[in-house]
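Participant: After the structure tokens below, expect a handful of questions from me.
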Amino acid sequence: MNPNESAKFHAKPDIILTGTAKTCPNGPPLGLVDIGSSENAYLFRVALPGVRHKCNIKFDIQREGRVRIEGVITESEALKNSLKGYEMKVQQLPSPGPFTISFNLPGPVDPRLCSPQFRTDGILEVIVMKYQIPLVSAEGLPENWYNGSFPAP
């Protein structure tokens, strides 16, 4: 990685928050993003405190590296199913409601090659392969292409 790429990589990514992710001043921040890079892939982790199930989130990764995460923070089962109404005296978790988080990875990716994991601590962790431009031989064929023919004896 040259110095210009290093400076670009360590700059904070532009992150767009909407819904609960933007308006909730309480508790741990929703939508904090870490991005890592290896030779062949990017790793990103997004803090989603208050999201209890992976079925409450969906995400889309576009080839140019744009990531969009949508989800819903649901109300606690204890609060929802309680016969008494609770008035929250201290609220340190994000408020229930929908949210979106959008950001760009440092480069293009192959969105078909990703491995998401929603951890029990409320972190969405995704590894996505970088987009690799195929190398082409002098004959115009990919270098690792084999046409099934054998050399004449």
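Numbering starts fresh at 1 for the residues of each chain in the structure tokens, the chains themselves are lettered A, B, ... in the order given, and ligands are numbered from 1 as they appear.
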Might you pull out every residue within 12 Å of Tyr42 of chain A, with only C-alpha atoms counted and same-chain residues fewer than 2 positions away left off, and present them as a PyMOL selection string?
Facilitator: chain A and resi 9+34-40+44-45+61+65+67+104-111+113-116+125-131
Participant: Could you check which of A:Gln62, A:Thr18, A:Thr120, A:Thr74 is closest to Gly97 of chain A, using only C-alpha atoms?
Facilitator: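 Under the stated criterion, the closest residue is A:Thr74.
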